[in-house]
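run02.cif follows; it contains mmCIF, C-alpha atoms and all ligand atoms.
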```cif
data_target
#
loop_
_atom_site.label_atom_id
_atom_site.label_comp_id
_atom_site.auth_asym_id
_atom_site.auth_seq_id
_atom_site.Cartn_x
_atom_site.Cartn_y
_atom_site.Cartn_z
CA MET A 1 0.00 0.00 0.00
CA ASN A 2 1.28 3.51 -0.80
CA SER A 3 -0.29 6.90 -1.41
CA SER A 4 -1.21 5.94 -4.99
CA SER A 5 -3.25 2.94 -3.73
CA PHE A 6 -6.03 5.30 -2.69
CA ASN A 7 -8.66 7.00 -4.75
CA LEU A 8 -8.23 10.48 -3.29
CA GLN A 9 -7.51 12.48 -6.45
CA ASN A 10 -8.58 16.13 -6.10
CA LYS A 11 -10.06 15.63 -2.61
CA ARG A 12 -9.99 18.96 -0.81
CA VAL A 13 -8.59 18.32 2.65
CA LEU A 14 -7.96 20.74 5.51
CA VAL A 15 -5.05 19.66 7.73
CA THR A 16 -4.98 21.44 11.09
CA GLY A 17 -1.52 21.42 12.68
CA GLY A 18 -0.18 20.46 9.27
CA ALA A 19 3.18 22.15 9.84
CA GLY A 20 3.88 19.85 12.79
CA PHE A 21 5.57 16.45 12.92
CA ILE A 22 2.74 14.06 12.00
CA GLY A 23 0.65 16.64 10.12
CA SER A 24 3.47 17.55 7.71
CA HIS A 25 4.20 13.90 6.84
CA THR A 26 0.49 13.33 6.29
CA ALA A 27 0.12 16.49 4.18
CA LEU A 28 2.98 15.23 2.00
CA GLU A 29 1.33 11.85 1.45
CA LEU A 30 -2.04 13.50 0.75
CA GLN A 31 -0.38 15.62 -1.92
CA ASN A 32 1.34 12.57 -3.38
CA ALA A 33 -2.11 10.96 -3.61
CA GLY A 34 -3.40 13.93 -5.62
CA CYS A 35 -5.34 15.72 -2.85
CA LYS A 36 -5.63 19.48 -2.68
CA VAL A 37 -4.25 20.23 0.77
CA THR A 38 -4.88 23.33 2.88
CA ILE A 39 -2.89 23.63 6.10
CA ILE A 40 -3.79 25.78 9.08
CA ASP A 41 -1.32 26.11 11.93
CA ASN A 42 -0.48 28.80 14.48
CA LEU A 43 3.21 27.75 14.39
CA THR A 44 3.57 27.42 18.18
CA ASN A 45 5.51 24.19 17.61
CA SER A 46 6.56 24.37 13.97
CA LYS A 47 8.07 26.49 11.19
CA THR A 48 6.81 27.40 7.73
CA THR A 49 10.06 26.13 6.15
CA VAL A 50 8.60 22.62 6.42
CA LEU A 51 6.43 23.67 3.44
CA ASP A 52 9.54 23.97 1.25
CA ARG A 53 10.39 20.36 2.05
CA ILE A 54 6.84 19.21 1.28
CA ASN A 55 7.17 21.05 -2.01
CA GLU A 56 10.55 19.45 -2.72
CA LEU A 57 9.17 15.95 -2.11
CA SER A 58 5.77 16.32 -3.80
CA GLU A 59 6.36 19.12 -6.32
CA THR A 60 3.38 21.03 -4.98
CA THR A 61 3.05 23.39 -2.06
CA PRO A 62 -0.05 23.13 0.08
CA VAL A 63 -2.09 26.24 0.71
CA PHE A 64 -0.91 27.52 4.09
CA ILE A 65 -2.82 29.87 6.37
CA LYS A 66 -1.41 30.90 9.71
CA THR A 67 -4.27 30.80 12.16
CA ASP A 68 -5.29 29.44 15.50
CA ILE A 69 -7.95 26.73 15.44
CA ARG A 70 -9.78 28.71 18.12
CA ASP A 71 -10.44 31.52 15.63
CA THR A 72 -13.76 30.05 14.46
CA GLU A 73 -14.54 32.84 12.01
CA LYS A 74 -11.22 32.66 10.21
CA VAL A 75 -11.24 28.87 10.09
CA THR A 76 -14.78 28.94 8.67
CA ARG A 77 -13.61 31.34 5.99
CA VAL A 78 -10.64 29.12 5.14
CA MET A 79 -12.96 26.11 4.81
CA LYS A 80 -15.37 27.99 2.56
CA GLU A 81 -12.69 29.62 0.40
CA ASN A 82 -10.95 26.29 -0.20
CA ASP A 83 -14.16 24.32 -0.62
CA ILE A 84 -13.03 21.83 2.02
CA GLU A 85 -14.60 18.34 2.05
CA ASP A 86 -12.66 16.65 4.85
CA VAL A 87 -10.73 17.78 7.91
CA ILE A 88 -7.78 15.97 9.48
CA HIS A 89 -7.23 17.51 12.90
CA PHE A 90 -3.70 17.32 14.32
CA ALA A 91 -3.43 20.79 15.92
CA GLY A 92 -2.98 20.70 19.65
CA LEU A 93 -0.58 20.63 22.56
CA LYS A 94 1.00 17.27 23.32
CA ALA A 95 3.53 17.41 26.17
CA VAL A 96 2.30 15.24 29.04
CA GLY A 97 4.57 16.85 31.68
CA GLU A 98 3.75 20.41 30.59
CA SER A 99 0.03 19.61 30.70
CA THR A 100 0.27 19.00 34.46
CA GLN A 101 1.74 22.53 34.87
CA ILE A 102 -0.62 24.45 32.56
CA PRO A 103 -3.81 22.36 32.31
CA ASP A 104 -5.85 25.46 31.38
CA GLU A 105 -3.83 25.89 28.16
CA TYR A 106 -4.25 22.21 27.32
CA TYR A 107 -8.01 22.23 27.78
CA ASP A 108 -8.31 25.50 25.91
CA VAL A 109 -6.23 24.53 22.87
CA ASN A 110 -7.16 20.86 22.69
CA PHE A 111 -10.76 20.79 23.87
CA ASN A 112 -12.04 24.30 23.11
CA GLY A 113 -9.96 24.27 19.92
CA THR A 114 -11.83 21.17 18.76
CA VAL A 115 -15.20 22.70 19.66
CA SER A 116 -14.25 25.77 17.63
CA LEU A 117 -13.24 23.57 14.69
CA LEU A 118 -16.55 21.70 14.86
CA ASN A 119 -18.40 25.02 14.86
CA ALA A 120 -16.46 26.13 11.80
CA MET A 121 -17.24 22.80 10.10
CA LYS A 122 -20.92 23.31 10.82
CA GLU A 123 -20.84 26.86 9.39
CA ALA A 124 -18.99 25.68 6.29
CA ALA A 125 -21.08 22.48 5.93
CA VAL A 126 -18.05 20.17 6.23
CA LYS A 127 -19.13 16.77 7.47
CA SER A 128 -16.03 14.66 7.82
CA LEU A 129 -13.39 14.74 10.54
CA ILE A 130 -10.39 12.55 11.32
CA PHE A 131 -9.08 13.25 14.80
CA SER A 132 -5.59 12.63 16.26
CA SER A 133 -6.33 10.81 19.45
CA SER A 134 -3.92 8.89 21.59
CA ALA A 135 -3.48 5.55 23.31
CA THR A 136 -3.50 7.53 26.57
CA VAL A 137 -7.32 7.47 26.45
CA TYR A 138 -7.21 3.85 27.67
CA GLY A 139 -5.88 5.12 31.02
CA GLU A 140 -3.05 3.81 33.12
CA ASN A 141 -4.77 0.66 34.40
CA ALA A 142 -5.57 -1.17 31.17
CA ASN A 143 -3.65 -4.34 30.31
CA PRO A 144 -2.12 -4.62 26.83
CA PRO A 145 -2.69 -5.48 24.08
CA LEU A 146 -5.18 -2.60 24.09
CA THR A 147 -8.26 -3.10 21.92
CA GLU A 148 -10.74 -0.48 20.78
CA THR A 149 -13.52 -2.26 22.69
CA LEU A 150 -11.99 -1.16 26.02
CA ALA A 151 -13.74 1.82 27.60
CA ILE A 152 -12.15 5.26 27.67
CA ASP A 153 -10.90 5.74 31.24
CA VAL A 154 -10.81 9.48 32.01
CA GLN A 155 -10.39 8.82 35.75
CA GLY A 156 -7.48 6.49 35.07
CA ILE A 157 -5.43 9.19 33.34
CA SER A 158 -3.18 11.35 35.50
CA HIS A 159 -2.59 14.34 33.21
CA ALA A 160 -4.52 17.04 31.39
CA TYR A 161 -3.09 16.05 28.00
CA GLY A 162 -4.58 12.56 28.11
CA ARG A 163 -7.78 13.71 29.76
CA SER A 164 -8.28 16.39 27.12
CA LYS A 165 -7.96 13.71 24.40
CA ALA A 166 -10.39 11.40 26.24
CA MET A 167 -12.89 14.23 26.71
CA ILE A 168 -12.64 15.20 23.04
CA GLU A 169 -13.41 11.62 22.02
CA LEU A 170 -16.44 11.56 24.33
CA MET A 171 -17.58 14.90 22.96
CA LEU A 172 -17.21 13.62 19.39
CA GLU A 173 -19.37 10.64 20.31
CA ASP A 174 -22.11 13.04 21.47
CA TYR A 175 -21.74 15.22 18.36
CA THR A 176 -22.07 12.28 15.98
CA ARG A 177 -25.13 11.01 17.88
CA ALA A 178 -26.77 14.41 17.57
CA ASN A 179 -25.66 15.20 14.02
CA LYS A 180 -26.68 12.29 11.88
CA ASP A 181 -24.73 13.44 8.82
CA LEU A 182 -21.39 13.92 10.65
CA SER A 183 -18.64 11.37 10.12
CA VAL A 184 -15.80 11.18 12.67
CA THR A 185 -12.82 8.85 12.86
CA CYS A 186 -10.70 8.85 16.02
CA LEU A 187 -7.22 7.45 15.49
CA ARG A 188 -5.48 6.39 18.69
CA TYR A 189 -1.77 6.67 18.03
CA PHE A 190 0.70 4.73 20.08
CA ASN A 191 4.28 6.12 19.83
CA PRO A 192 4.99 7.84 16.49
CA VAL A 193 8.72 8.14 15.71
CA GLY A 194 11.04 8.12 12.69
CA ALA A 195 11.25 10.58 9.83
CA HIS A 196 10.84 10.71 6.06
CA PRO A 197 13.37 8.27 4.51
CA SER A 198 14.84 11.13 2.42
CA GLY A 199 16.11 12.80 5.61
CA LYS A 200 14.36 16.01 4.52
CA MET A 201 11.47 15.91 6.98
CA GLY A 202 11.32 14.83 10.61
CA GLU A 203 10.48 15.80 14.16
CA ASP A 204 11.67 19.28 15.12
CA PRO A 205 10.55 19.90 18.69
CA LYS A 206 11.00 23.37 20.15
CA GLY A 207 13.00 23.25 23.40
CA LEU A 208 13.59 20.09 25.40
CA PRO A 209 12.16 17.03 23.58
CA ASN A 210 9.36 15.30 25.49
CA ASN A 211 9.68 11.97 23.76
CA LEU A 212 12.40 9.35 23.71
CA MET A 213 13.39 9.24 20.04
CA PRO A 214 14.08 12.97 19.46
CA PHE A 215 16.00 13.02 22.73
CA VAL A 216 18.11 10.02 21.72
CA SER A 217 18.83 11.53 18.32
CA GLN A 218 19.86 14.87 19.86
CA VAL A 219 22.29 12.99 22.14
CA ALA A 220 23.63 11.04 19.13
CA VAL A 221 24.26 14.23 17.15
CA GLY A 222 26.01 15.85 20.13
CA LYS A 223 23.35 18.47 20.97
CA ARG A 224 22.76 16.92 24.40
CA GLU A 225 25.24 15.22 26.66
CA LYS A 226 23.30 12.19 27.78
CA LEU A 227 19.90 10.62 28.15
CA THR A 228 18.12 9.79 31.38
CA VAL A 229 16.10 6.58 31.29
CA PHE A 230 13.17 6.96 33.69
CA GLY A 231 13.03 3.76 35.72
CA ASN A 232 14.88 0.45 35.27
CA ASP A 233 12.96 -1.54 37.87
CA TYR A 234 9.73 -2.17 35.97
CA ASN A 235 8.40 -5.68 35.64
CA THR A 236 9.60 -5.99 32.01
CA PRO A 237 12.38 -8.14 30.49
CA ASP A 238 15.11 -5.50 30.89
CA GLY A 239 13.42 -3.38 33.58
CA THR A 240 12.68 -0.41 31.28
CA CYS A 241 9.28 0.59 29.89
CA LEU A 242 7.84 -1.10 26.80
CA ARG A 243 6.18 1.06 24.14
CA ASP A 244 4.66 0.50 20.73
CA TYR A 245 6.76 2.64 18.35
CA LEU A 246 5.47 3.23 14.83
CA HIS A 247 7.03 5.01 11.88
CA VAL A 248 5.56 8.43 11.08
CA CYS A 249 5.31 7.50 7.37
CA ASP A 250 3.28 4.40 8.24
CA LEU A 251 1.13 6.66 10.40
CA ALA A 252 0.71 9.20 7.60
CA GLU A 253 -0.36 6.44 5.22
CA GLY A 254 -2.85 5.21 7.83
CA HIS A 255 -4.61 8.60 7.61
CA LEU A 256 -5.01 8.17 3.87
CA ALA A 257 -6.40 4.68 4.45
CA ALA A 258 -8.86 6.09 7.02
CA LEU A 259 -9.94 8.85 4.63
CA ASP A 260 -10.31 6.43 1.72
CA TYR A 261 -12.32 4.03 3.90
CA ARG A 262 -14.62 6.79 5.11
CA ILE A 263 -15.31 7.97 1.57
CA LYS A 264 -15.95 4.45 0.26
CA LYS A 265 -18.11 3.52 3.23
CA GLY A 266 -20.12 6.70 2.79
CA LYS A 267 -21.90 6.25 6.10
CA PRO A 268 -21.71 8.84 8.88
CA GLY A 269 -21.11 8.07 12.55
CA LEU A 270 -18.09 7.60 14.80
CA GLU A 271 -15.37 5.01 14.38
CA VAL A 272 -12.22 4.43 16.40
CA PHE A 273 -8.98 2.72 15.38
CA ASN A 274 -5.71 1.94 17.11
CA PHE A 275 -2.65 2.95 15.15
CA GLY A 276 0.29 0.89 16.36
CA THR A 277 2.41 -2.12 15.42
CA GLY A 278 1.32 -4.42 18.24
CA LYS A 279 5.01 -5.15 18.91
CA PRO A 280 6.50 -3.21 21.82
CA SER A 281 10.18 -2.31 22.32
CA SER A 282 11.92 -1.32 25.54
CA VAL A 283 13.78 1.94 26.08
CA LEU A 284 17.08 0.04 26.10
CA GLU A 285 16.18 -1.69 22.82
CA VAL A 286 15.53 1.71 21.24
CA ILE A 287 18.89 3.02 22.47
CA LYS A 288 20.71 -0.03 21.06
CA ALA A 289 18.87 0.19 17.72
CA PHE A 290 19.73 3.90 17.50
CA GLU A 291 23.39 3.24 18.27
CA LYS A 292 23.44 0.66 15.46
CA ALA A 293 21.67 3.02 13.01
CA SER A 294 23.87 6.02 13.77
CA GLY A 295 27.18 4.37 14.61
CA LYS A 296 27.26 6.68 17.67
CA ASN A 297 27.51 5.88 21.33
CA ILE A 298 24.46 7.08 23.31
CA PRO A 299 25.47 7.76 26.93
CA TYR A 300 22.63 7.31 29.40
CA ASP A 301 21.93 6.95 33.07
CA PHE A 302 18.93 5.72 35.03
CA GLY A 303 16.61 8.12 36.83
CA ASP A 304 13.45 7.73 38.89
CA ARG A 305 10.23 6.49 37.36
CA ARG A 306 8.03 9.30 36.01
CA PRO A 307 4.53 9.65 37.41
CA GLY A 308 1.93 8.33 34.97
CA ASP A 309 4.35 6.03 33.10
CA VAL A 310 2.97 2.50 32.78
CA PRO A 311 5.38 -0.46 32.46
CA SER A 312 4.05 -1.68 29.15
CA THR A 313 1.59 -0.52 26.55
CA TYR A 314 0.97 -1.68 23.00
CA ALA A 315 -1.84 -1.86 20.48
CA ASP A 316 -4.04 -4.58 19.23
CA PRO A 317 -3.73 -3.43 15.59
CA VAL A 318 -6.17 -5.95 14.07
CA LEU A 319 -9.20 -3.68 13.56
CA ALA A 320 -7.27 -1.17 11.44
CA LYS A 321 -5.94 -4.03 9.32
CA GLU A 322 -9.36 -5.61 8.87
CA LYS A 323 -11.36 -2.48 8.14
CA LEU A 324 -8.86 -0.02 6.67
CA GLY A 325 -6.56 -2.58 5.06
CA TRP A 326 -3.69 -0.74 6.72
CA GLU A 327 -0.81 -2.06 8.78
CA THR A 328 2.66 -0.81 9.63
CA LYS A 329 5.62 -1.97 7.57
CA TYR A 330 8.71 -0.23 8.96
CA THR A 331 10.93 -1.92 11.57
CA LEU A 332 12.47 -0.31 14.64
CA ASP A 333 15.86 -0.31 12.89
CA GLU A 334 14.35 1.64 9.99
CA MET A 335 12.63 4.08 12.36
CA CYS A 336 16.01 4.78 13.99
CA LYS A 337 17.86 4.95 10.67
CA HIS A 338 15.43 7.52 9.28
CA SER A 339 15.40 9.57 12.49
CA TRP A 340 19.18 9.59 12.37
CA ASN A 341 19.27 10.64 8.67
CA TRP A 342 16.99 13.56 9.52
CA GLN A 343 18.88 14.60 12.68
CA ASN A 344 22.31 14.24 11.08
CA ASP A 345 21.36 16.21 7.96
CA ASN A 346 19.41 18.83 9.94
CA PRO A 347 21.03 19.08 13.39
CA ASP A 348 19.10 22.29 14.12
CA GLY A 349 15.83 21.09 12.57
CA TYR A 350 14.11 23.13 9.89
CA PRO A 351 15.76 26.46 9.04
CA ASP A 352 14.09 29.67 10.23
CA SER A 353 11.94 31.27 7.57
N1 LIG B 1 3.69 12.70 18.62
C1 LIG B 1 3.12 11.87 19.47
O1 LIG B 1 3.80 11.15 20.21
C2 LIG B 1 1.60 11.76 19.54
C3 LIG B 1 1.01 10.64 20.12
C4 LIG B 1 -0.38 10.56 20.18
C5 LIG B 1 -1.16 11.60 19.68
N2 LIG B 1 -0.54 12.68 19.12
C6 LIG B 1 -1.38 13.78 18.64
O2 LIG B 1 -1.13 13.99 17.26
C7 LIG B 1 -1.26 15.38 16.94
C8 LIG B 1 -0.03 15.84 16.21
O3 LIG B 1 1.12 15.61 17.01
P1 LIG B 1 2.58 16.02 16.53
O4 LIG B 1 3.52 15.08 17.17
O5 LIG B 1 2.62 16.21 15.07
O6 LIG B 1 2.70 17.42 17.27
P2 LIG B 1 3.33 18.79 16.75
O7 LIG B 1 3.46 19.67 17.93
O8 LIG B 1 4.56 18.54 15.94
O9 LIG B 1 2.19 19.32 15.77
C9 LIG B 1 1.06 20.00 16.23
C10 LIG B 1 0.92 21.27 15.39
O10 LIG B 1 -0.24 21.97 15.86
C11 LIG B 1 0.08 23.37 15.89
N3 LIG B 1 -0.80 23.99 16.87
C12 LIG B 1 -0.77 23.88 18.23
N4 LIG B 1 -1.76 24.59 18.78
C13 LIG B 1 -2.47 25.15 17.75
C14 LIG B 1 -3.60 26.00 17.67
N5 LIG B 1 -4.22 26.44 18.78
N6 LIG B 1 -4.03 26.38 16.45
C15 LIG B 1 -3.41 25.95 15.32
N7 LIG B 1 -2.31 25.15 15.34
C16 LIG B 1 -1.85 24.77 16.54
C17 LIG B 1 1.55 23.42 16.27
O11 LIG B 1 2.18 24.63 15.87
C18 LIG B 1 2.11 22.22 15.52
O12 LIG B 1 2.57 22.56 14.24
C19 LIG B 1 -1.50 16.09 18.27
O13 LIG B 1 -2.88 16.33 18.41
C20 LIG B 1 -1.02 15.09 19.30
O14 LIG B 1 -1.67 15.23 20.52
C21 LIG B 1 0.80 12.78 19.03
#
```
When written as structure tokens, how does the structure in this file appear?
Amino acid sequence: MNSSSFNLQNKRVLVTGGAGFIGSHTALELQNAGCKVTIIDNLTNSKTTVLDRINELSETTPVFIKTDIRDTEKVTRVMKENDIEDVIHFAGLKAVGESTQIPDEYYDVNFNGTVSLLNAMKEAAVKSLIFSSSATVYGENANPPLTETLAIDVQGISHAYGRSKAMIELMLEDYTRANKDLSVTCLRYFNPVGAHPSGKMGEDPKGLPNNLMPFVSQVAVGKREKLTVFGNDYNTPDGTCLRDYLHVCDLAEGHLAALDYRIKKGKPGLEVFNFGTGKPSSVLEVIKAFEKASGKNIPYDFGDRRPGDVPSTYADPVLAKEKLGWETKYTLDEMCKHSWNWQNDNPDGYPDS
């Protein structure tokens, strides 16, 4: 399966947060599939120079409008002016730790931002939404493999980031019940990593990376001295946490599969899919794979466990395979190799515009 396997020619798609890590890779694949892509982003965690790379790799530049998703009027105008048919909604704040410090910001951007987007969709008569959810909605007490039939556990989540995602999913359930022509797909990502194989696009976090892979790659390239592994006394084979890492290009392709499925199915309502590999790796396995991919030594030490970290979490990926015909294909070694290509070729991320 690749972007040309889908029948998405000339589909007019709005990508919120499309300048960010996952959104930019998805925008690229949408363009490669012949879609007409409009990106809105307020650039709080991204740069417009990513658009040059999308252009380089797809020979077309998406329409870009700098705006906040909470500006309902402007977003409505963008939808109307670009005759949008479908929305893929990535925009939001995503740092778990930060969300415990500034929960108000997280609820405002993530939750209120989604309400604002839904209002704009209503005004502009757009009836299809794909939402970036997260495996965090299963809470911290669920036993893997996690299946979509498990209930959302708002009480079992210890941070505003995860709770905001869970609350958005619940809200979307209510919206689709009340609006019989609205179609919503919630995609619960596990741990997206990697970069475009060309080394031209990748993750470019502002400030201290929150996730393992960008941290490891910054240590490998010499930007940071060493990595701290949070906890080595978990009940796992090597004592470190197990996570389900998936390649961002697999993830991007999954969005095209979800869009294609929704169009073919033609029926409104809410559907939920896990996006993961089903095969977890430990923190130490990631470090070793990255050392192999980069040929660099990654110094690390062990620190305390972080609150909210569960020992092991991974997806049951069967539903996405059965219904969307989509499954991941990249290995952990490839995820590390591509992350390294990106980091090594772009040690400071995307250039300033
Ligand atoms: N990366 C992960 O590990 C992960 C895991 C699960 C779910 N997700 C979700 O996937 C989505 C995309 O994640 P990402 O890793 O690409 O993050 P990212 O930070 O790279 O991208 C998000 C983009 O949204 C933009 N943005 C933020 N607030 C905005 C606002 N109010 N209005 C308009 N634009 C705004 C940012 O500038 C950024 O470009 C997020 O919703 C995130 O919660 C990410």
Can you work out the spacing between CA of Pro347 in chain A and CA of Gly202 in chain A in Å, to one decimal?
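A separation of 11.0 Å between them.
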Counting all atoms listed in the file, which protein, DNA or RNA residues come within 6 Å of ligand LIG 1 (chain B), given as a PyMOL selection string?
chain A and resi 17+19-23+41-46+67-69+90-94+109+132-134+189-192
Closest to Tyr350 in chain A among A:Ser183, A:Asn82, A:Thr49, A:Thr240, using all atoms listed in the file?
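Ranking A:Ser183, A:Asn82, A:Thr49, A:Thr240 by distance to Tyr350 in chain A, first place goes to A:Thr49.
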Write out as JSON lines a residue-level contact list of range 214-297 of chain A versus range 146-159 of chain A with cut-off 10 Å: for each qualifying residue the closest pair of atoms and the distance in Å to one decimal, counting all atoms listed in the file, rows sorted by chain and residue number upward.
```
{"residue": "A:Glu271", "atom": "CA", "partner": "A:Glu148", "partner_atom": "CA", "distance": 9.6}
{"residue": "A:Val272", "atom": "CA", "partner": "A:Glu148", "partner_atom": "CA", "distance": 6.7}
{"residue": "A:Phe273", "atom": "CA", "partner": "A:Glu148", "partner_atom": "CA", "distance": 6.5}
{"residue": "A:Asn274", "atom": "CA", "partner": "A:Glu148", "partner_atom": "CA", "distance": 6.7}
{"residue": "A:Gly278", "atom": "CA", "partner": "A:Leu146", "partner_atom": "CA", "distance": 8.9}
```
Taking C-alpha atoms for each residue, export the selection above as a CSV table (one decimal), in the coordinates of the input.
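Saved to result31.csv:
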```csv
chain,number,residue,atom,x,y,z
A,271,GLU,CA,-15.4,5.0,14.4
A,272,VAL,CA,-12.2,4.4,16.4
A,273,PHE,CA,-9.0,2.7,15.4
A,274,ASN,CA,-5.7,1.9,17.1
A,278,GLY,CA,1.3,-4.4,18.2
```
Which residue of A:Val126, A:Leu246, A:Leu28, A:Leu170 approaches Ser281 in chain A most closely, using all atoms listed in the file
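Nearest to Ser281 in chain A: A:Leu246.
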Considering all atoms listed in the file, state which residue in the set A:Pro299, A:Gly199, A:Gly194, A:Gly162 is at the smallest distance from Glu225 in chain A.
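Smallest distance to Glu225 in chain A is found for A:Pro299.
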Would you pick out the contacts of Lys267 in chain A at 10 Å or less, using only C-alpha atoms, so that residues sharing its chain but fewer than 2 positions from it are not included, and give the list as a PyMOL selection string?
chain A and resi 180-183+262-265+269-270
Selected residue of minimal separation from Val229 in chain A among A:Leu251, A:Ala195, A:Cys186, A:Ile298, counting only C-alpha atoms
A:Ile298
Could you pull the residues within 7 Å of Val87 in chain A, counting all atoms listed in the file, minus those fewer than 3 positions along the same chain, as a list in words?
Val13, Leu14, Val15, Ser128, Leu129 and Ile130 of chain A
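CA of Asn32 in chain A lies 8.6 Å from CA of Leu57 in chain A.
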Kindly give the distance, in Å, that separates CA of Pro145 in chain A and CA of Gly97 in chain A, rounded to a single decimal.
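For CA of Pro145 in chain A relative to CA of Gly97 in chain A, the distance reads 24.7 Å.
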I need the residue nearest Asn112 in chain A from this list: A:Gln343, A:Ser164, A:Asn211, A:Thr100. Use only C-alpha atoms for the distance.
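Checking each candidate against Asn112 in chain A, we get A:Ser164 as the closest.
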Give me the residues within 8 Å of Ala257 in chain A as a VMD selection string, counting all atoms listed in the file and dropping any in the same chain fewer than 6 places off.
chain A and resid 6 324 to 326
Give as a PDB file with C-alpha atoms, in the frame of the given file each residue that has an atom at most 6 Å from (-0.1, 0.9, 21.3) in the file, counting all atoms listed in the file.
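point.pdb written:
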```
ATOM      1  CA  PHE A 190       0.700   4.730  20.080  1.00  0.00           C
ATOM      2  CA  ASP A 244       4.660   0.500  20.730  1.00  0.00           C
ATOM      3  CA  GLY A 276       0.290   0.890  16.360  1.00  0.00           C
ATOM      4  CA  THR A 313       1.590  -0.520  26.550  1.00  0.00           C
ATOM      5  CA  TYR A 314       0.970  -1.680  23.000  1.00  0.00           C
ATOM      6  CA  ALA A 315      -1.840  -1.860  20.480  1.00  0.00           C
TER       7      ALA A 315
END
```
Starting from the incomplete input, reconstruct N, CA and C atoms of range 245-258 of chain A and write that as a compact mmCIF listing (two decimals), in the coordinates of the input.
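Output below, filename out22.txt:
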```txt
# COMPACT_ATOMS: atom_id res chain seq x y z
N TYR A 245 6.27 1.59 19.24
CA TYR A 245 6.76 2.64 18.35
C TYR A 245 6.33 2.37 16.92
N LEU A 246 5.81 3.40 16.25
CA LEU A 246 5.47 3.23 14.83
C LEU A 246 6.03 4.38 14.02
N HIS A 247 6.37 4.04 12.77
CA HIS A 247 7.03 5.01 11.88
C HIS A 247 6.03 6.07 11.43
N VAL A 248 6.47 7.32 11.43
CA VAL A 248 5.56 8.43 11.08
C VAL A 248 5.04 8.29 9.64
N CYS A 249 5.81 7.67 8.76
CA CYS A 249 5.31 7.50 7.37
C CYS A 249 4.23 6.42 7.31
N ASP A 250 4.37 5.37 8.13
CA ASP A 250 3.28 4.40 8.24
C ASP A 250 2.03 5.11 8.77
N LEU A 251 2.25 5.93 9.78
CA LEU A 251 1.13 6.66 10.40
C LEU A 251 0.45 7.57 9.38
N ALA A 252 1.26 8.29 8.61
CA ALA A 252 0.71 9.20 7.60
C ALA A 252 -0.15 8.40 6.61
N GLU A 253 0.37 7.27 6.17
CA GLU A 253 -0.36 6.44 5.22
C GLU A 253 -1.67 5.92 5.83
N GLY A 254 -1.64 5.65 7.13
CA GLY A 254 -2.85 5.21 7.83
C GLY A 254 -3.96 6.25 7.73
N HIS A 255 -3.59 7.54 7.74
CA HIS A 255 -4.61 8.60 7.61
C HIS A 255 -5.25 8.56 6.24
N LEU A 256 -4.44 8.27 5.22
CA LEU A 256 -5.01 8.17 3.87
C LEU A 256 -5.95 6.97 3.79
N ALA A 257 -5.55 5.88 4.44
CA ALA A 257 -6.40 4.68 4.45
C ALA A 257 -7.72 4.99 5.17
N ALA A 258 -7.65 5.74 6.26
CA ALA A 258 -8.86 6.09 7.02
C ALA A 258 -9.77 6.99 6.19
```
